[in-house]
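**Q** The structure under discussion is supplied below as structure tokens; questions concerning it will follow.
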Amino acid sequence: MIKFKNKKQLIIFDLDGVLIDSKKNMKIAWESANKKFNLNLPFKKYFTQIGKPFNDILNSFKIKNKKKIQKQFFKVSSNNINKIKLYKNIENTLNKINSKKNIYTAIVTSKNKKRTNEILKFFNIKVDFVQCPSKNLNGKPSPDQIIEVIKRFKIKKSKCVYIGDTNFDNIAAKKSKIDFILAKYGYQIGIRKHKHSINNISEILNIL
């Protein structure tokens, strides 16, 4: 069982690898873009960078024509939204958290706003606030998005926690100076172990 010195009032979730399993969807979308633009970059290599904004991933591989690639990727991803699955106990756990007084939920994701809203609507995922990358906020592993959420709710950092599945998430939480929980059921990119880990999302109910 996870134990913190303070009970948490603001639970911030990553989206991919924490609330949803979108790996199959991403694979279809990436392979489509990879083939169309002759990128010669296998999905396995692309996937090592998941957790960062799409453009940042392309930059890390020095890929050009980003707008065209992004358009193709997002189009195919949207057309295959049914390939995305909710992880076990997500809906039930979110409902329990949202039913509690003075406990707030948020999502910090590297997906853009349009794609995020599409997914949340498709699965009827409800949280108090959603923060996507923007012109004024750098994507993970920068702490910008998490800090923006904390400012919005005006809750002490000791009472905030970020749940993620990649080392990019872990770094962003550390830079934000809040606790981090590793979702071991997720992708575990760049990170396999952490002192605070869960195997099922329902385990976070113990920290409220």
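We label chains A, B, ... in the order they appear in the structure tokens, count residues from 1 in each chain, and number ligands from 1 in the order shown.
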If you run DSSP on the backbone here, which positions in segment 105-165 of chain A get strand (DSSP E or B)? Please write them as a PyMOL selection string.

**A** chain A and resi 105-108+129-131+134+137+160-164

**Q** Using DSSP on the backbone, list every residue of segment 109-199 of chain A that comes out as alpha helix (DSSP H), and give them as number ranges by chain.

**A** A: 113-123, 144-153, 167-176

**Q** Please dump the current selection as an mmCIF file, in the first residue's frame; keep C-alpha atoms.

**A**
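What ended up in result_20.cif:
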```cif
data_model
loop_
_atom_site.group_PDB
_atom_site.id
_atom_site.type_symbol
_atom_site.label_atom_id
_atom_site.label_comp_id
_atom_site.auth_asym_id
_atom_site.auth_seq_id
_atom_site.Cartn_x
_atom_site.Cartn_y
_atom_site.Cartn_z
ATOM 1 C CA LYS A 113 -6.581 19.437 -27.057
ATOM 2 C CA LYS A 114 -8.624 18.204 -30.031
ATOM 3 C CA ARG A 115 -7.450 14.594 -29.764
ATOM 4 C CA THR A 116 -7.736 14.605 -25.982
ATOM 5 C CA ASN A 117 -11.307 15.899 -26.001
ATOM 6 C CA GLU A 118 -12.256 13.344 -28.649
ATOM 7 C CA ILE A 119 -10.969 10.493 -26.485
ATOM 8 C CA LEU A 120 -12.503 11.792 -23.260
ATOM 9 C CA LYS A 121 -15.871 12.147 -24.975
ATOM 10 C CA PHE A 122 -15.627 8.676 -26.552
ATOM 11 C CA PHE A 123 -15.019 7.041 -23.163
ATOM 12 C CA ASP A 144 4.945 23.639 -17.017
ATOM 13 C CA GLN A 145 1.635 21.812 -17.440
ATOM 14 C CA ILE A 146 1.608 20.310 -13.957
ATOM 15 C CA ILE A 147 2.501 23.630 -12.353
ATOM 16 C CA GLU A 148 -0.299 25.330 -14.275
ATOM 17 C CA VAL A 149 -2.821 22.812 -12.922
ATOM 18 C CA ILE A 150 -1.582 23.256 -9.345
ATOM 19 C CA LYS A 151 -1.903 27.041 -9.666
ATOM 20 C CA ARG A 152 -5.453 26.670 -10.931
ATOM 21 C CA PHE A 153 -6.599 24.675 -7.914
ATOM 22 C CA ASN A 167 10.244 8.609 -17.004
ATOM 23 C CA PHE A 168 9.124 11.814 -18.751
ATOM 24 C CA ASP A 169 6.189 11.845 -16.307
ATOM 25 C CA ASN A 170 8.495 11.136 -13.387
ATOM 26 C CA ILE A 171 10.851 13.976 -14.330
ATOM 27 C CA ALA A 172 7.963 16.421 -14.791
ATOM 28 C CA ALA A 173 6.615 15.552 -11.334
ATOM 29 C CA LYS A 174 10.050 15.950 -9.730
ATOM 30 C CA LYS A 175 10.560 19.339 -11.363
ATOM 31 C CA SER A 176 7.086 20.341 -10.160
#
```

**Q** Quick one: residues within 9 Å of Asn112 of chain A, only C-alpha atoms counted, chain neighbours fewer than 5 positions away excluded, as a VMD selection string?

**A** chain A and resid 53 to 54 117 132 to 134

**Q** For the residues in the current selection, export all heavy atoms as an mmCIF file, in the first residue's frame.

**A**
```
data_model
loop_
_atom_site.group_PDB
_atom_site.id
_atom_site.type_symbol
_atom_site.label_atom_id
_atom_site.label_comp_id
_atom_site.auth_asym_id
_atom_site.auth_seq_id
_atom_site.Cartn_x
_atom_site.Cartn_y
_atom_site.Cartn_z
ATOM 1 N N PRO A 53 5.173 15.531 -26.331
ATOM 2 C CA PRO A 53 4.296 15.991 -27.415
ATOM 3 C C PRO A 53 4.756 15.446 -28.764
ATOM 4 O O PRO A 53 5.959 15.220 -28.981
ATOM 5 C CB PRO A 53 4.426 17.516 -27.347
ATOM 6 C CG PRO A 53 4.766 17.794 -25.920
ATOM 7 C CD PRO A 53 5.667 16.655 -25.513
ATOM 8 N N PHE A 54 3.819 15.246 -29.671
ATOM 9 C CA PHE A 54 4.102 14.629 -30.972
ATOM 10 C C PHE A 54 5.214 15.359 -31.716
ATOM 11 O O PHE A 54 6.138 14.731 -32.245
ATOM 12 C CB PHE A 54 2.824 14.606 -31.817
ATOM 13 C CG PHE A 54 2.953 13.820 -33.091
ATOM 14 C CD1 PHE A 54 2.931 12.435 -33.078
ATOM 15 C CD2 PHE A 54 3.105 14.466 -34.306
ATOM 16 C CE1 PHE A 54 3.048 11.703 -34.255
ATOM 17 C CE2 PHE A 54 3.222 13.749 -35.486
ATOM 18 C CZ PHE A 54 3.197 12.360 -35.463
ATOM 19 N N ASN A 117 -9.862 15.742 -26.194
ATOM 20 C CA ASN A 117 -11.307 15.899 -26.001
ATOM 21 C C ASN A 117 -12.087 14.807 -26.723
ATOM 22 O O ASN A 117 -13.119 14.328 -26.225
ATOM 23 C CB ASN A 117 -11.759 17.279 -26.485
ATOM 24 C CG ASN A 117 -11.332 18.390 -25.552
ATOM 25 O OD1 ASN A 117 -11.034 18.146 -24.386
ATOM 26 N ND2 ASN A 117 -11.283 19.606 -26.056
ATOM 27 N N CYS A 132 -3.523 20.369 -21.688
ATOM 28 C CA CYS A 132 -2.752 19.895 -22.839
ATOM 29 C C CYS A 132 -1.606 20.880 -23.099
ATOM 30 O O CYS A 132 -1.612 21.990 -22.566
ATOM 31 C CB CYS A 132 -3.650 19.796 -24.069
ATOM 32 S SG CYS A 132 -5.045 18.670 -23.869
ATOM 33 N N PRO A 133 -0.654 20.518 -23.926
ATOM 34 C CA PRO A 133 0.419 21.465 -24.272
ATOM 35 C C PRO A 133 -0.170 22.685 -24.974
ATOM 36 O O PRO A 133 -1.199 22.601 -25.643
ATOM 37 C CB PRO A 133 1.303 20.662 -25.234
ATOM 38 C CG PRO A 133 1.025 19.241 -24.916
ATOM 39 C CD PRO A 133 -0.419 19.184 -24.543
ATOM 40 N N SER A 134 0.486 23.819 -24.818
ATOM 41 C CA SER A 134 0.043 25.052 -25.475
ATOM 42 C C SER A 134 1.274 25.875 -25.836
ATOM 43 O O SER A 134 2.400 25.514 -25.498
ATOM 44 C CB SER A 134 -0.879 25.852 -24.552
ATOM 45 O OG SER A 134 -0.157 26.364 -23.442
#
```

**Q** Need to verify the contact set: segment 75-88 of chain A, 12 Å, only C-alpha atoms, exclusion of same-chain residues closer than 2 positions in sequence. Can you return it as an MDAnalysis selection string?

**A** chainID A and resid 15:34 36 68:73 90:94 111 114:125 183:187 199:203

**Q** I need the residues from that last selection saved to file as a short mmCIF file (atom, residue, chain, number, x, y, z; two decimals), in the first residue's frame (with C-alpha atoms), if you can.

**A**
```
data_model
loop_
_atom_site.label_atom_id
_atom_site.label_comp_id
_atom_site.auth_asym_id
_atom_site.auth_seq_id
_atom_site.Cartn_x
_atom_site.Cartn_y
_atom_site.Cartn_z
CA LEU A 15 -3.70 9.89 -20.17
CA ASP A 16 -1.89 7.31 -22.35
CA GLY A 17 -0.63 4.37 -20.34
CA VAL A 18 -2.55 5.41 -17.23
CA LEU A 19 -6.22 5.88 -18.10
CA ILE A 20 -6.20 4.47 -21.63
CA ASP A 21 -4.21 1.87 -23.54
CA SER A 22 -3.74 3.48 -26.94
CA LYS A 23 -0.66 1.57 -28.09
CA LYS A 24 -2.51 -0.33 -30.84
CA ASN A 25 -4.09 2.90 -32.08
CA MET A 26 -0.74 4.69 -32.13
CA LYS A 27 0.91 1.81 -33.97
CA ILE A 28 -1.68 1.93 -36.76
CA ALA A 29 -1.40 5.71 -37.03
CA TRP A 30 2.39 5.76 -36.97
CA GLU A 31 2.81 2.98 -39.51
CA SER A 32 0.46 4.86 -41.84
CA ALA A 33 2.53 8.05 -41.58
CA ASN A 34 5.78 6.10 -41.70
CA LYS A 36 3.27 7.54 -46.61
CA LYS A 68 1.89 16.89 -42.96
CA ILE A 69 3.01 13.96 -40.84
CA GLN A 70 0.98 15.19 -37.89
CA LYS A 71 -2.12 15.59 -40.06
CA GLN A 72 -1.81 12.03 -41.36
CA PHE A 73 -1.11 10.57 -37.92
CA ILE A 90 -10.79 3.44 -14.52
CA GLU A 91 -14.44 4.48 -14.64
CA ASN A 92 -15.27 3.12 -11.20
CA THR A 93 -12.20 4.70 -9.58
CA LEU A 94 -12.78 8.12 -11.14
CA LYS A 111 -1.82 14.91 -26.61
CA LYS A 114 -8.62 18.20 -30.03
CA ARG A 115 -7.45 14.59 -29.76
CA THR A 116 -7.74 14.61 -25.98
CA ASN A 117 -11.31 15.90 -26.00
CA GLU A 118 -12.26 13.34 -28.65
CA ILE A 119 -10.97 10.49 -26.49
CA LEU A 120 -12.50 11.79 -23.26
CA LYS A 121 -15.87 12.15 -24.97
CA PHE A 122 -15.63 8.68 -26.55
CA PHE A 123 -15.02 7.04 -23.16
CA ASN A 124 -17.08 9.52 -21.11
CA ILE A 125 -14.06 10.24 -18.90
CA ALA A 183 1.44 3.04 -13.09
CA LYS A 184 3.19 -0.30 -13.55
CA TYR A 185 0.34 -1.62 -15.68
CA GLY A 186 1.13 1.05 -18.29
CA TYR A 187 3.95 1.39 -20.81
CA ASN A 199 -0.61 -2.30 -10.41
CA ASN A 200 -4.22 -1.15 -10.62
CA ILE A 201 -5.66 2.36 -10.69
CA SER A 202 -8.02 1.57 -7.79
CA GLU A 203 -5.01 1.49 -5.43
#
```

**Q** Can you tell me which residues surround Gln49 of chain A at a distance of at most 12 Å, considering only C-alpha atoms, apart from same-chain residues fewer than 2 positions away, and format the answer as a short mmCIF file (atom, residue, chain, number, x, y, z; two decimals) with C-alpha atoms, in the first residue's frame?

**A**
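Everything below was put into out_24.cif:
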```cif
data_model
loop_
_atom_site.label_atom_id
_atom_site.label_comp_id
_atom_site.auth_asym_id
_atom_site.auth_seq_id
_atom_site.Cartn_x
_atom_site.Cartn_y
_atom_site.Cartn_z
CA PHE A 43 7.07 2.04 -34.42
CA LYS A 44 9.20 0.34 -31.76
CA LYS A 45 11.71 3.20 -31.95
CA TYR A 46 8.99 5.87 -32.12
CA PHE A 47 7.32 4.37 -29.05
CA GLY A 51 5.07 10.75 -23.22
CA LYS A 52 6.37 13.81 -25.04
CA PRO A 53 4.30 15.99 -27.41
CA PHE A 54 4.10 14.63 -30.97
CA ASN A 55 6.18 17.45 -32.49
CA ASP A 56 8.86 16.99 -29.83
CA ILE A 57 9.07 13.31 -30.75
CA LEU A 58 9.52 14.20 -34.41
CA ASN A 59 12.17 16.76 -33.46
CA SER A 60 14.06 14.15 -31.46
CA PHE A 61 14.43 12.13 -34.68
CA SER A 110 1.06 15.46 -24.20
CA LYS A 140 6.69 16.94 -20.61
CA PRO A 141 9.30 16.38 -19.28
CA THR A 166 7.06 7.02 -18.25
CA ASN A 167 10.24 8.61 -17.00
CA PHE A 168 9.12 11.81 -18.75
CA ASP A 169 6.19 11.84 -16.31
CA TYR A 187 3.95 1.39 -20.81
CA GLN A 188 6.81 1.92 -18.30
CA ILE A 189 8.94 3.79 -20.84
CA GLY A 190 12.35 4.62 -19.38
#
```

**Q** Excluding same-chain residues fewer than 5 positions from Asn102 of chain A, what lies within 12 Å of it counting only C-alpha atoms, as a compact mmCIF listing (two decimals) with C-alpha atoms, in the first residue's frame?

**A**
```
# COMPACT_ATOMS: atom_id res chain seq x y z
CA LYS A 7 -3.47 12.87 2.17
CA LYS A 8 -3.85 13.98 -1.44
CA GLN A 9 -6.42 16.51 -2.59
CA LEU A 10 -5.36 16.93 -6.22
CA ILE A 11 -4.92 13.75 -8.26
CA ILE A 97 -12.80 10.10 -6.42
CA ASP A 128 -12.28 18.56 -13.07
CA PHE A 153 -6.60 24.68 -7.91
CA LYS A 154 -4.42 26.54 -5.38
CA ILE A 155 -3.60 23.38 -3.46
CA LYS A 159 -1.21 17.42 -1.25
CA LEU A 208 -7.11 10.22 -0.40
```

**Q** Have a look at A:Lys157, A:Tyr162, A:Leu182, A:Val108 and name the one nearest to Ser197 of chain A; count only C-alpha atoms.

**A**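 Ranked by minimum distance to Ser197 of chain A, first place goes to A:Leu182.
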